[in-house]
file input.cif (mmCIF, C-alpha atoms)
data_structure
loop_
_atom_site.label_atom_id
_atom_site.label_comp_id
_atom_site.auth_asym_id
_atom_site.auth_seq_id
_atom_site.Cartn_x
_atom_site.Cartn_y
_atom_site.Cartn_z
CA MET K 628 22.28 25.43 -15.22
CA GLU K 629 20.36 27.54 -12.76
CA LYS K 630 19.77 26.30 -9.23
CA GLU K 631 16.13 27.31 -9.67
CA ASP K 632 15.77 24.83 -12.51
CA LEU K 633 17.04 22.02 -10.33
CA ASP K 634 14.84 23.10 -7.46
CA LYS K 635 11.88 22.95 -9.81
CA LEU K 636 12.55 19.22 -10.07
CA LYS K 637 12.09 18.86 -6.32
CA SER K 638 8.62 20.30 -6.56
CA LEU K 639 7.91 18.16 -9.58
CA LYS K 640 8.22 14.82 -7.82
CA GLN K 641 6.11 12.14 -9.47
CA ASN K 642 5.66 14.27 -12.53
CA VAL K 643 6.72 13.93 -16.13
CA VAL K 644 9.32 16.48 -17.21
CA LEU K 645 10.37 17.14 -20.76
CA ALA K 646 13.85 18.61 -20.44
CA THR K 647 15.38 20.29 -23.45
CA VAL K 648 19.13 20.79 -23.35
CA SER K 649 21.56 22.55 -25.63
CA ALA K 650 23.88 20.24 -27.56
CA LYS K 651 26.87 22.09 -26.15
CA ASN K 652 25.97 21.45 -22.51
CA TYR K 653 24.13 18.19 -23.02
CA GLN K 654 26.40 15.93 -20.93
CA LYS K 655 27.02 18.57 -18.29
CA THR K 656 23.28 19.05 -17.81
CA ASN K 657 22.63 15.31 -17.62
CA ASN K 658 25.35 14.94 -14.99
CA LYS K 659 23.91 17.75 -12.91
CA LEU K 660 20.39 16.38 -13.11
CA ILE K 661 21.45 12.87 -12.11
CA LYS K 662 23.72 14.20 -9.37
CA TYR K 663 20.85 16.28 -8.02
CA LEU K 664 18.46 13.33 -7.99
CA THR K 665 20.85 10.79 -6.45
CA GLN K 666 22.85 13.06 -4.14
CA LYS K 667 20.58 15.90 -3.09
CA LEU K 668 17.26 14.09 -3.17
CA ASN K 669 18.84 10.67 -2.40
CA ILE K 670 16.41 8.75 -4.59
CA PRO K 671 17.18 5.66 -6.65
CA GLY K 672 16.29 5.46 -10.30
CA VAL K 673 16.55 4.02 -13.75
CA TYR K 674 18.72 5.55 -16.45
CA VAL K 675 17.77 4.55 -20.00
CA THR K 676 20.60 5.31 -22.38
CA LEU K 677 20.12 5.24 -26.12
CA ASN K 678 22.96 7.65 -26.74
CA LYS K 679 26.16 6.41 -25.14
CA PRO K 680 27.11 2.90 -24.05
CA TYR K 681 26.75 2.03 -20.37
CA GLU K 682 30.51 1.85 -19.90
CA THR K 683 30.99 5.42 -21.15
CA VAL K 684 28.08 6.81 -19.12
CA SER K 685 29.23 4.95 -16.02
CA ASN K 686 32.80 6.29 -16.41
CA ILE K 687 31.52 9.85 -16.84
CA PHE K 688 29.30 9.52 -13.75
CA ASN K 689 32.16 8.06 -11.70
CA LYS K 690 34.39 10.97 -12.68
CA GLU K 691 31.65 13.34 -11.58
CA LYS K 692 31.40 11.41 -8.30
CA ILE K 693 27.80 10.41 -8.94
CA ASP K 694 26.68 7.45 -6.86
CA THR K 695 25.94 4.95 -9.64
CA ARG K 696 25.08 2.31 -7.05
CA LEU K 697 21.62 3.91 -6.82
CA ILE K 698 21.01 3.60 -10.53
CA ILE K 699 19.84 0.72 -12.70
CA PHE K 700 21.05 1.25 -16.26
CA ILE K 701 19.21 0.14 -19.36
CA ASP K 702 21.51 0.31 -22.35
CA ALA K 703 19.87 0.11 -25.77
CA ILE K 704 22.97 0.94 -27.78
CA THR K 705 25.89 -1.36 -26.86
CA LYS K 706 24.27 -4.42 -28.41
CA THR K 707 24.16 -2.72 -31.81
CA THR K 708 27.95 -3.18 -31.96
CA GLN K 709 28.61 -6.03 -29.51
CA GLU K 710 25.95 -8.67 -29.93
CA LYS K 711 27.24 -11.10 -27.33
CA ILE K 712 27.33 -8.74 -24.39
CA LYS K 713 25.47 -10.08 -21.34
CA LYS K 714 23.53 -8.45 -18.52
CA THR K 715 25.62 -7.18 -15.63
CA LYS K 716 24.50 -6.48 -12.08
CA ASN K 717 24.02 -2.76 -12.84
CA CYS K 718 22.98 -2.80 -16.45
CA LEU K 719 20.68 -4.56 -18.84
CA PHE K 720 21.69 -4.49 -22.49
CA ILE K 721 18.85 -4.37 -25.02
CA GLY K 722 19.06 -4.88 -28.77
CA THR K 723 18.59 -1.50 -30.45
CA PRO K 724 16.57 1.70 -29.87
CA GLU K 725 14.10 0.25 -32.40
CA ASN K 726 13.22 -2.49 -29.96
CA LEU K 727 10.61 -0.52 -28.05
CA SER K 728 8.91 -3.61 -26.61
CA ASP K 729 12.06 -4.73 -24.78
CA ILE K 730 12.77 -1.17 -23.64
CA SER K 731 9.25 -0.97 -22.16
CA ILE K 732 9.47 -4.34 -20.39
CA SER K 733 12.90 -3.59 -18.93
CA MET K 734 11.78 -0.15 -17.71
CA ASP K 735 8.70 -1.70 -16.10
CA GLN K 736 10.75 -4.39 -14.35
CA ALA K 737 13.50 -2.00 -13.25
CA VAL K 738 11.17 0.69 -11.91
CA THR K 739 8.86 -1.68 -10.07
CA SER K 740 11.78 -3.51 -8.46
CA LEU K 741 13.25 -0.30 -7.01
CA PRO K 742 12.70 0.15 -3.27
CA GLY K 743 10.93 3.13 -1.68
CA LYS K 744 8.19 5.45 -2.78
CA GLU K 745 10.39 8.00 -4.52
CA LYS K 746 12.14 6.96 -7.72
CA PHE K 747 13.17 8.55 -10.97
CA LEU K 748 13.26 7.45 -14.57
CA PHE K 749 15.70 9.25 -16.83
CA PHE K 750 15.20 8.74 -20.56
CA ASP K 751 18.20 9.78 -22.66
CA SER K 752 17.22 10.76 -25.30
CA LEU K 753 14.32 11.56 -27.55
CA ASN K 754 16.63 12.50 -30.45
CA THR K 755 18.30 9.11 -30.63
CA LEU K 756 14.89 7.47 -30.56
CA LEU K 757 14.00 9.59 -33.60
CA ILE K 758 17.03 8.29 -35.51
CA TYR K 759 15.77 4.72 -35.24
CA ASN K 760 11.98 5.24 -35.34
CA ASP K 761 9.55 7.44 -37.26
CA VAL K 762 7.94 10.49 -35.65
CA THR K 763 4.53 8.84 -35.14
CA THR K 764 6.07 5.82 -33.40
CA VAL K 765 8.13 8.11 -31.15
CA ALA K 766 5.07 10.22 -30.28
CA ARG K 767 3.06 7.08 -29.46
CA PHE K 768 5.93 5.70 -27.38
CA ILE K 769 6.31 8.93 -25.37
CA HIS K 770 2.54 8.99 -24.83
CA PHE K 771 2.75 5.42 -23.51
CA LEU K 772 5.86 6.24 -21.44
CA SER K 773 4.33 9.32 -19.80
CA GLY K 774 1.25 7.29 -18.85
CA LYS K 775 3.48 4.59 -17.38
CA MET K 776 5.55 7.16 -15.48
CA ARG K 777 2.38 8.38 -13.81
CA ALA K 778 1.25 4.85 -13.03
CA TRP K 779 4.66 4.02 -11.51
CA LYS K 780 4.57 7.34 -9.59
CA VAL K 781 8.12 8.22 -10.56
CA THR K 782 9.79 11.51 -11.39
CA GLY K 783 10.14 11.05 -15.12
CA ILE K 784 12.67 13.04 -17.11
CA ILE K 785 12.74 12.82 -20.88
CA ILE K 786 15.77 14.48 -22.41
CA SER K 787 15.66 16.18 -25.78
CA LEU K 788 18.18 18.35 -27.58
CA GLN K 789 17.25 21.92 -28.39
CA LYS K 790 17.05 21.73 -32.17
CA LYS K 791 15.05 23.77 -34.61
CA GLY K 792 13.54 20.75 -36.36
CA ASN K 793 12.38 19.25 -33.05
CA GLU K 794 10.05 22.06 -32.00
CA ASP K 795 6.89 20.63 -33.62
CA LEU K 796 7.36 17.23 -32.03
CA ILE K 797 8.28 18.73 -28.67
CA ASN K 798 5.14 20.87 -28.72
CA GLU K 799 3.08 17.78 -29.54
CA LEU K 800 4.73 15.80 -26.75
CA LEU K 801 4.21 18.59 -24.23
CA GLN K 802 0.54 17.67 -23.95
CA PHE K 803 1.59 14.31 -22.43
CA CYS K 804 4.12 15.87 -20.03
CA ASP K 805 3.54 18.08 -16.99
CA ILE K 806 6.22 20.65 -17.62
CA ARG K 807 8.98 21.63 -19.99
CA LEU K 808 12.33 22.69 -18.55
CA ASP K 809 14.78 24.40 -20.88
CA PHE K 810 18.40 24.05 -19.84
CA LYS K 811 20.76 26.36 -21.71
CA MET L 807 -12.91 4.48 -34.23
CA THR L 808 -9.50 3.65 -32.74
CA LYS L 809 -7.50 0.51 -33.55
CA LYS L 810 -8.05 -0.77 -30.00
CA GLN L 811 -11.82 -0.34 -30.26
CA THR L 812 -11.79 -2.21 -33.60
CA LEU L 813 -9.84 -5.05 -31.98
CA ASP L 814 -12.27 -5.16 -29.05
CA ILE L 815 -15.26 -5.36 -31.40
CA LYS L 816 -13.54 -8.09 -33.44
CA SER L 817 -12.86 -10.10 -30.27
CA ILE L 818 -16.48 -9.75 -29.12
CA LEU L 819 -17.72 -10.86 -32.56
CA VAL L 820 -15.40 -13.89 -32.49
CA PHE L 821 -16.69 -14.79 -29.02
CA ILE L 822 -20.32 -14.48 -30.13
CA ALA L 823 -19.57 -16.62 -33.20
CA ILE L 824 -18.07 -19.30 -30.97
CA ILE L 825 -21.13 -19.34 -28.67
CA VAL L 826 -23.48 -19.57 -31.67
CA ALA L 827 -21.37 -22.36 -33.21
CA ILE L 828 -21.41 -24.34 -29.95
CA TYR L 829 -25.17 -23.93 -29.63
CA LEU L 830 -25.70 -25.09 -33.22
CA LEU L 831 -23.32 -28.02 -32.80
CA SER L 832 -24.95 -29.14 -29.58
CA SER L 833 -28.40 -28.96 -31.16
CA ILE L 834 -27.25 -30.92 -34.25
CA SER L 835 -25.07 -33.44 -32.46
CA LYS L 836 -26.40 -35.31 -29.51
CA SER L 837 -22.89 -36.44 -28.61
CA LEU L 838 -21.28 -34.68 -25.67
CA GLU L 839 -17.74 -35.56 -26.90
CA ILE L 840 -18.27 -33.81 -30.25
CA THR L 841 -19.70 -30.71 -28.57
CA VAL L 842 -16.84 -30.52 -26.06
CA GLY L 843 -14.30 -31.17 -28.85
CA ALA L 844 -15.76 -28.39 -31.01
CA PHE L 845 -15.81 -26.06 -28.02
CA SER L 846 -12.12 -26.75 -27.25
CA LEU L 847 -11.18 -26.18 -30.89
CA SER L 848 -13.05 -22.85 -31.00
CA ILE L 849 -11.31 -21.64 -27.83
CA GLY L 850 -7.97 -22.70 -29.30
CA VAL L 851 -8.64 -20.75 -32.50
CA LEU L 852 -9.56 -17.65 -30.46
CA ALA L 853 -6.34 -18.05 -28.45
CA ILE L 854 -4.36 -18.22 -31.69
CA ILE L 855 -6.04 -15.05 -33.00
CA TRP L 856 -5.22 -13.15 -29.79
CA THR L 857 -1.63 -14.42 -29.80
CA LEU L 858 -1.19 -13.35 -33.43
CA ILE L 859 -2.55 -9.87 -32.63
CA ALA L 860 -0.10 -9.64 -29.70
CA LYS L 861 2.79 -10.90 -31.86
CA TYR L 862 2.31 -8.25 -34.52
CA SER L 863 1.95 -5.49 -31.92
CA LEU L 864 5.38 -6.25 -30.46
CA SER L 865 8.66 -4.96 -31.89
CA PRO L 866 10.40 -7.31 -34.32
CA LYS L 867 13.22 -9.31 -32.68
CA SER L 868 12.00 -8.41 -29.18
CA THR L 869 12.27 -11.08 -26.48
CA LEU L 870 8.54 -11.12 -25.91
CA ARG L 871 7.84 -11.57 -29.61
CA LEU L 872 10.14 -14.61 -29.63
CA PHE L 873 8.16 -15.96 -26.71
CA THR L 874 4.86 -15.44 -28.57
CA ASN L 875 6.29 -17.56 -31.42
CA SER L 876 6.88 -20.54 -29.15
CA PHE L 877 3.56 -19.98 -27.38
CA LEU L 878 1.88 -19.95 -30.79
CA ALA L 879 3.56 -23.25 -31.62
CA CYS L 880 2.19 -24.69 -28.33
CA LEU L 881 -1.32 -23.58 -29.22
CA ILE L 882 -1.15 -24.95 -32.77
CA ALA L 883 0.13 -28.31 -31.54
CA LEU L 884 -2.58 -28.41 -28.85
CA ILE L 885 -5.30 -27.63 -31.40
CA ALA L 886 -3.94 -30.31 -33.71
CA LEU L 887 -4.13 -32.76 -30.81
CA SER L 888 -7.74 -31.79 -30.01
CA PHE L 889 -8.61 -32.10 -33.70
CA ILE L 890 -7.08 -35.58 -33.98
CA LYS L 891 -8.91 -36.64 -30.80
CA LEU L 892 -12.19 -35.41 -32.29
CA ILE L 893 -11.55 -37.22 -35.59
CA ALA L 894 -10.53 -40.35 -33.69
CA PHE L 895 -13.81 -40.29 -31.79
CA MET L 896 -15.85 -39.68 -34.94
CA THR L 897 -14.10 -42.49 -36.85
CA ALA L 898 -14.33 -44.88 -33.91
CA TYR L 899 -10.57 -44.85 -33.12
CA SER L 900 -8.42 -46.19 -35.87
CA ARG L 901 -5.10 -47.62 -34.68
CA ASN L 902 -3.00 -45.14 -36.71
CA LEU L 903 -4.67 -42.14 -35.10
CA ILE L 904 -3.58 -43.32 -31.65
CA TYR L 905 0.07 -43.16 -32.79
CA ILE L 906 -0.49 -39.65 -34.18
CA GLU L 907 -2.02 -38.70 -30.83
CA TYR L 908 1.08 -39.95 -29.00
CA ILE L 909 3.37 -37.99 -31.32
CA LEU L 910 1.30 -34.81 -30.99
CA THR L 911 1.19 -35.12 -27.19
CA THR L 912 5.01 -35.32 -27.16
CA ILE L 913 5.25 -32.31 -29.49
CA VAL L 914 2.87 -30.28 -27.29
CA TYR L 915 5.02 -30.96 -24.20
CA LEU L 916 8.17 -30.18 -26.16
CA PHE L 917 6.80 -26.78 -27.23
CA PHE L 918 5.71 -26.07 -23.65
CA LEU L 919 9.23 -26.90 -22.53
CA ILE L 920 10.66 -24.43 -25.08
CA SER L 921 8.19 -21.76 -23.92
CA ALA L 922 9.15 -22.39 -20.29
CA TYR L 923 12.79 -21.97 -21.27
CA TYR L 924 11.96 -18.62 -22.92
CA ILE L 925 10.13 -17.51 -19.76
CA LEU L 926 13.16 -18.55 -17.72
CA SER L 927 15.48 -16.46 -19.91
CA ILE L 928 13.04 -13.50 -19.81
CA GLY L 929 13.08 -13.74 -15.99
CA LYS L 930 16.88 -13.84 -15.95
CA GLN L 931 17.20 -11.02 -18.45
CA PHE L 932 14.66 -8.61 -17.04
CA GLY L 933 14.88 -9.46 -13.34
CA PHE L 934 16.43 -6.78 -11.12
CA GLN L 935 15.67 -8.15 -7.66
CA SER L 936 19.31 -8.55 -6.50
CA LYS L 937 20.24 -5.03 -7.65
CA ALA L 938 17.10 -3.65 -5.98
CA ALA L 939 18.04 -5.32 -2.68
CA GLU L 940 21.51 -3.75 -2.93
CA ILE L 941 20.02 -0.28 -3.58
CA LYS L 942 17.72 -0.71 -0.58
CA LYS L 943 20.71 -1.44 1.68
CA ILE L 944 22.63 1.61 0.35
CA ILE L 945 19.67 3.93 0.94
CA GLU L 946 19.16 2.55 4.45
CA LYS L 947 22.87 3.11 5.21
CA LYS L 948 22.69 6.66 3.87
CA ASN L 949 19.57 7.46 5.87
CA HIS L 950 21.17 5.97 8.98
CA LYS L 951 24.23 8.23 8.56
CA LYS L 952 22.01 11.31 8.33
#

call {"tool": "encode", "arguments": {"input": "input.cif", "output": "structure tokens"}}
result
Amino acid sequence: MEKEDLDKLKSLKQNVVLATVSAKNYQKTNNKLIKYLTQKLNIPGVYVTLNKPYETVSNIFNKEKIDTRLIIFIDAITKTTQEKIKKTKNCLFIGTPENLSDISISMDQAVTSLPGKEKFLFFDSLNTLLIYNDVTTVARFIHFLSGKMRAWKVTGIIISLQKKGNEDLINELLQFCDIRLDFK
Amino acid sequence: MTKKQTLDIKSILVFIAIIVAIYLLSSISKSLEITVGAFSLSIGVLAIIWTLIAKYSLSPKSTLRLFTNSFLACLIALIALSFIKLIAFMTAYSRNLIYIEYILTTIVYLFFLISAYYILSIGKQFGFQSKAAEIKKIIEKKNHKK
């Protein structure tokens, strides 16, 4: 990932970014983005994971020496396999990625509870949302989410994989976002 | 016309219908109790309509949708109570209706208790205040070090 790309984020504070990443470097890119936001910019944020369970993400971040203490995790995947899991201090577990109402409420509560003026919201990822919901629902949700991100005045990052089939949706979603960043 | 605009127009129409109904009732009936009873019932029905709209807009199995179910039960029980009170007044209070009133009052409070419990669990589930306080301390420490 180019340093310029990361620096673009700095100038895009309080904006909505649609970040497309290659499948090969997906985790690496996520790590770098989060590291940049928490370490370089020193801002707290919310990480919504629909892809990997909180435990896995947290372990990866710890290995990468990312300060997870600054992050509130919202995990919408663990409960699909472990129904009885309860909320921890760092993470809230939500039913499934289909449960958009609970995802919205938890994001609202997490973002508004964060201290300071500068915050980020990292949404990982659009592709997993598409597995559980139809295209129209996803488009409506991202429209709602981008509006909310502006209202909350956060740096919003929506992650999407670079896939051929996604281009139409990504182009449609671009009208709700401020910029598209392609990470190779 | 968008779905939201349609809903807004429907709500306005319902509100107008209620006002017209109250006016007609008050002109027909000279009794204040009947007018107030009819007014309460109409407001209750409107509240049920809005709750149902909210319920079907929320994701299935979501926490908030579960809460709307118990809130709906509260409203239905409350409307039933208002209805029984109105009937009791119109039929000059039969003894049996008083017992039904007691039962319904208990049910209303019971449903409110269940709703309060749901609100409590929503607060516990979605509340992040302790984590936020911890983050604030960490940031302050980091800024102090710099």

call {"tool": "resolve_selection", "arguments": {"input": "input.cif", "expression": "the PyMOL selection byres ((chain L) within 7 of (chain K))", "output": "list in words"}}
result
Leu864, Ser865, Ser868, Thr869, Gln931, Phe932, Gly933, Phe934, Gln935, Lys937, Ala938, Ile941 and Lys942 of chain L

call {"tool": "resolve_selection", "arguments": {"input": "input.cif", "expression": "the PyMOL selection byres ((chain K and resi 789) around 7)", "output": "list in words"}}
result
Thr647, Val648, Ser649, Ala650, Ser787, Leu788, Lys790 and Lys791 of chain K

call {"tool": "atom_distance", "arguments": {"input": "input.cif", "atom1": "CA of Gly843 in chain L", "atom2": "CA of Ile904 in chain L"}}
result
16.4 Å

call {"tool": "atom_distance", "arguments": {"input": "input.cif", "atom1": "CA of Ala827 in chain L", "atom2": "CA of Ala886 in chain L"}}
result
19.2 Å

call {"tool": "closest_residue", "arguments": {"input": "input.cif", "among": "L:Leu887, L:Ala898, L:Leu878, L:Leu870", "to": "Ile925 in chain L", "atoms": "only C-alpha atoms"}}
result
L:Leu870

call {"tool": "resolve_selection", "arguments": {"input": "input.cif", "expression": "the PyMOL selection byres ((chain K and resi 795-811) around 6)", "output": "PyMOL selection string"}}
result
chain K and resi 643-649+770+793-794

call {"tool": "write_last_selection", "arguments": {"input": "input.cif", "atoms": "C-alpha atoms", "output": "PDB file, in the coordinates of the input"}}
result
ATOM      1  CA  VAL K 643       6.720  13.930 -16.130  1.00  0.00           C
ATOM      2  CA  VAL K 644       9.320  16.480 -17.210  1.00  0.00           C
ATOM      3  CA  LEU K 645      10.370  17.140 -20.760  1.00  0.00           C
ATOM      4  CA  ALA K 646      13.850  18.610 -20.440  1.00  0.00           C
ATOM      5  CA  THR K 647      15.380  20.290 -23.450  1.00  0.00           C
ATOM      6  CA  VAL K 648      19.130  20.790 -23.350  1.00  0.00           C
ATOM      7  CA  SER K 649      21.560  22.550 -25.630  1.00  0.00           C
ATOM      8  CA  HIS K 770       2.540   8.990 -24.830  1.00  0.00           C
ATOM      9  CA  ASN K 793      12.380  19.250 -33.050  1.00  0.00           C
ATOM     10  CA  GLU K 794      10.050  22.060 -32.000  1.00  0.00           C
TER      11      GLU K 794
END

call {"tool": "residues_around", "arguments": {"input": "input.cif", "residues": "range 816-822 of chain L", "least_positions_apart": "5", "cutoff": "12 Å", "atoms": "all atoms listed in the file", "output": "list in words"}}
result
Lys809, Lys810, Gln811, Ala827, Ile828, Tyr829, Phe845, Ser848, Ile849, Gly850, Val851, Leu852, Ala853, Ile854, Ile855, Trp856 and Ile859 of chain L

call {"tool": "atom_distance", "arguments": {"input": "input.cif", "atom1": "CA of Thr764 in chain K", "atom2": "CA of Lys679 in chain K"}}
result
21.7 Å

call {"tool": "closest_residue", "arguments": {"input": "input.cif", "among": "L:Ser927, L:Ser846, L:Thr841, L:Asn902", "to": "Phe889 in chain L", "atoms": "only C-alpha atoms"}}
result
L:Ser846

call {"tool": "closest_residue", "arguments": {"input": "input.cif", "among": "L:Thr897, L:Ser833, L:Thr911, L:Ser921", "to": "Arg871 in chain L", "atoms": "all atoms listed in the file"}}
result
L:Ser921

call {"tool": "closest_residue", "arguments": {"input": "input.cif", "among": "L:Ile928, L:Val914, L:Ile945, L:Ile920", "to": "Thr665 in chain K", "atoms": "only C-alpha atoms"}}
result
L:Ile945

call {"tool": "axis_aligned_box", "arguments": {"input": "input.cif", "around": "range 897-907 of chain L", "padding_each_side": "3 Å", "output": "AutoDock Vina command-line options"}}
result
--center_x -7.1 --center_y -43.2 --center_z -33.8 --size_x 20.4 --size_y 14.9 --size_z 12.0

call {"tool": "residues_around", "arguments": {"input": "input.cif", "residues": "Leu756 in chain K", "least_positions_apart": "5", "cutoff": "12 Å", "atoms": "only C-alpha atoms", "output": "list in words"}}
result
Val675, Thr676, Leu677, Asn678, Ala703, Ile704, Thr723, Pro724, Glu725, Asn726, Leu727, Ile730, Phe750, Asp751, Asp761, Val762, Thr763, Thr764, Val765, Ala766, Arg767, Phe768, Ile769, Ile785, Ile786, Ser787 and Leu788 of chain K

call {"tool": "write_last_selection", "arguments": {"input": "input.cif", "atoms": "C-alpha atoms", "output": "PDB file, in the coordinates of the input"}}
result
ATOM      1  CA  VAL K 675      17.770   4.550 -20.000  1.00  0.00           C
ATOM      2  CA  THR K 676      20.600   5.310 -22.380  1.00  0.00           C
ATOM      3  CA  LEU K 677      20.120   5.240 -26.120  1.00  0.00           C
ATOM      4  CA  ASN K 678      22.960   7.650 -26.740  1.00  0.00           C
ATOM      5  CA  ALA K 703      19.870   0.110 -25.770  1.00  0.00           C
ATOM      6  CA  ILE K 704      22.970   0.940 -27.780  1.00  0.00           C
ATOM      7  CA  THR K 723      18.590  -1.500 -30.450  1.00  0.00           C
ATOM      8  CA  PRO K 724      16.570   1.700 -29.870  1.00  0.00           C
ATOM      9  CA  GLU K 725      14.100   0.250 -32.400  1.00  0.00           C
ATOM     10  CA  ASN K 726      13.220  -2.490 -29.960  1.00  0.00           C
ATOM     11  CA  LEU K 727      10.610  -0.520 -28.050  1.00  0.00           C
ATOM     12  CA  ILE K 730      12.770  -1.170 -23.640  1.00  0.00           C
ATOM     13  CA  PHE K 750      15.200   8.740 -20.560  1.00  0.00           C
ATOM     14  CA  ASP K 751      18.200   9.780 -22.660  1.00  0.00           C
ATOM     15  CA  ASP K 761       9.550   7.440 -37.260  1.00  0.00           C
ATOM     16  CA  VAL K 762       7.940  10.490 -35.650  1.00  0.00           C
ATOM     17  CA  THR K 763       4.530   8.840 -35.140  1.00  0.00           C
ATOM     18  CA  THR K 764       6.070   5.820 -33.400  1.00  0.00           C
ATOM     19  CA  VAL K 765       8.130   8.110 -31.150  1.00  0.00           C
ATOM     20  CA  ALA K 766       5.070  10.220 -30.280  1.00  0.00           C
ATOM     21  CA  ARG K 767       3.060   7.080 -29.460  1.00  0.00           C
ATOM     22  CA  PHE K 768       5.930   5.700 -27.380  1.00  0.00           C
ATOM     23  CA  ILE K 769       6.310   8.930 -25.370  1.00  0.00           C
ATOM     24  CA  ILE K 785      12.740  12.820 -20.880  1.00  0.00           C
ATOM     25  CA  ILE K 786      15.770  14.480 -22.410  1.00  0.00           C
ATOM     26  CA  SER K 787      15.660  16.180 -25.780  1.00  0.00           C
ATOM     27  CA  LEU K 788      18.180  18.350 -27.580  1.00  0.00           C
TER      28      LEU K 788
END

call {"tool": "build_atoms", "arguments": {"input": "input.cif", "residues": "range 794-811 of chain K", "atoms": "N, CA and C atoms", "output": "mmCIF file, in the coordinates of the input"}}
result
data_model
loop_
_atom_site.group_PDB
_atom_site.id
_atom_site.type_symbol
_atom_site.label_atom_id
_atom_site.label_comp_id
_atom_site.auth_asym_id
_atom_site.auth_seq_id
_atom_site.Cartn_x
_atom_site.Cartn_y
_atom_site.Cartn_z
ATOM 1 N N GLU K 794 11.055 21.262 -32.700
ATOM 2 C CA GLU K 794 10.050 22.060 -32.000
ATOM 3 C C GLU K 794 8.617 21.532 -32.164
ATOM 4 N N ASP K 795 8.261 21.121 -33.392
ATOM 5 C CA ASP K 795 6.890 20.630 -33.620
ATOM 6 C C ASP K 795 6.599 19.399 -32.785
ATOM 7 N N LEU K 796 7.554 18.463 -32.799
ATOM 8 C CA LEU K 796 7.360 17.230 -32.030
ATOM 9 C C LEU K 796 7.314 17.530 -30.536
ATOM 10 N N ILE K 797 8.238 18.386 -30.091
ATOM 11 C CA ILE K 797 8.280 18.730 -28.670
ATOM 12 C C ILE K 797 6.959 19.360 -28.230
ATOM 13 N N ASN K 798 6.430 20.248 -29.058
ATOM 14 C CA ASN K 798 5.140 20.870 -28.720
ATOM 15 C C ASN K 798 4.027 19.831 -28.650
ATOM 16 N N GLU K 799 4.094 18.836 -29.540
ATOM 17 C CA GLU K 799 3.080 17.780 -29.540
ATOM 18 C C GLU K 799 3.220 16.923 -28.281
ATOM 19 N N LEU K 800 4.479 16.658 -27.906
ATOM 20 C CA LEU K 800 4.730 15.800 -26.750
ATOM 21 C C LEU K 800 4.423 16.500 -25.429
ATOM 22 N N LEU K 801 4.458 17.823 -25.465
ATOM 23 C CA LEU K 801 4.210 18.590 -24.230
ATOM 24 C C LEU K 801 2.846 18.308 -23.615
ATOM 25 N N GLN K 802 1.879 17.956 -24.476
ATOM 26 C CA GLN K 802 0.540 17.670 -23.950
ATOM 27 C C GLN K 802 0.531 16.416 -23.065
ATOM 28 N N PHE K 803 1.521 15.524 -23.265
ATOM 29 C CA PHE K 803 1.590 14.310 -22.430
ATOM 30 C C PHE K 803 2.407 14.550 -21.157
ATOM 31 N N CYS K 804 3.229 15.625 -21.170
ATOM 32 C CA CYS K 804 4.120 15.870 -20.030
ATOM 33 C C CYS K 804 3.532 16.973 -19.142
ATOM 34 N N ASP K 805 4.068 17.072 -17.916
ATOM 35 C CA ASP K 805 3.540 18.080 -16.990
ATOM 36 C C ASP K 805 4.208 19.428 -17.165
ATOM 37 N N ILE K 806 5.503 19.376 -17.492
ATOM 38 C CA ILE K 806 6.220 20.650 -17.620
ATOM 39 C C ILE K 806 7.415 20.494 -18.575
ATOM 40 N N ARG K 807 7.785 21.617 -19.159
ATOM 41 C CA ARG K 807 8.980 21.630 -19.990
ATOM 42 C C ARG K 807 10.041 22.480 -19.285
ATOM 43 N N LEU K 808 11.232 21.931 -19.132
ATOM 44 C CA LEU K 808 12.330 22.690 -18.550
ATOM 45 C C LEU K 808 13.395 22.893 -19.625
ATOM 46 N N ASP K 809 13.750 24.136 -19.881
ATOM 47 C CA ASP K 809 14.780 24.400 -20.880
ATOM 48 C C ASP K 809 16.099 24.678 -20.165
ATOM 49 N N PHE K 810 17.077 23.849 -20.423
ATOM 50 C CA PHE K 810 18.400 24.050 -19.840
ATOM 51 C C PHE K 810 19.343 24.560 -20.925
ATOM 52 N N LYS K 811 19.886 25.731 -20.685
ATOM 53 C CA LYS K 811 20.760 26.360 -21.710
ATOM 54 C C LYS K 811 22.161 25.778 -21.630
#
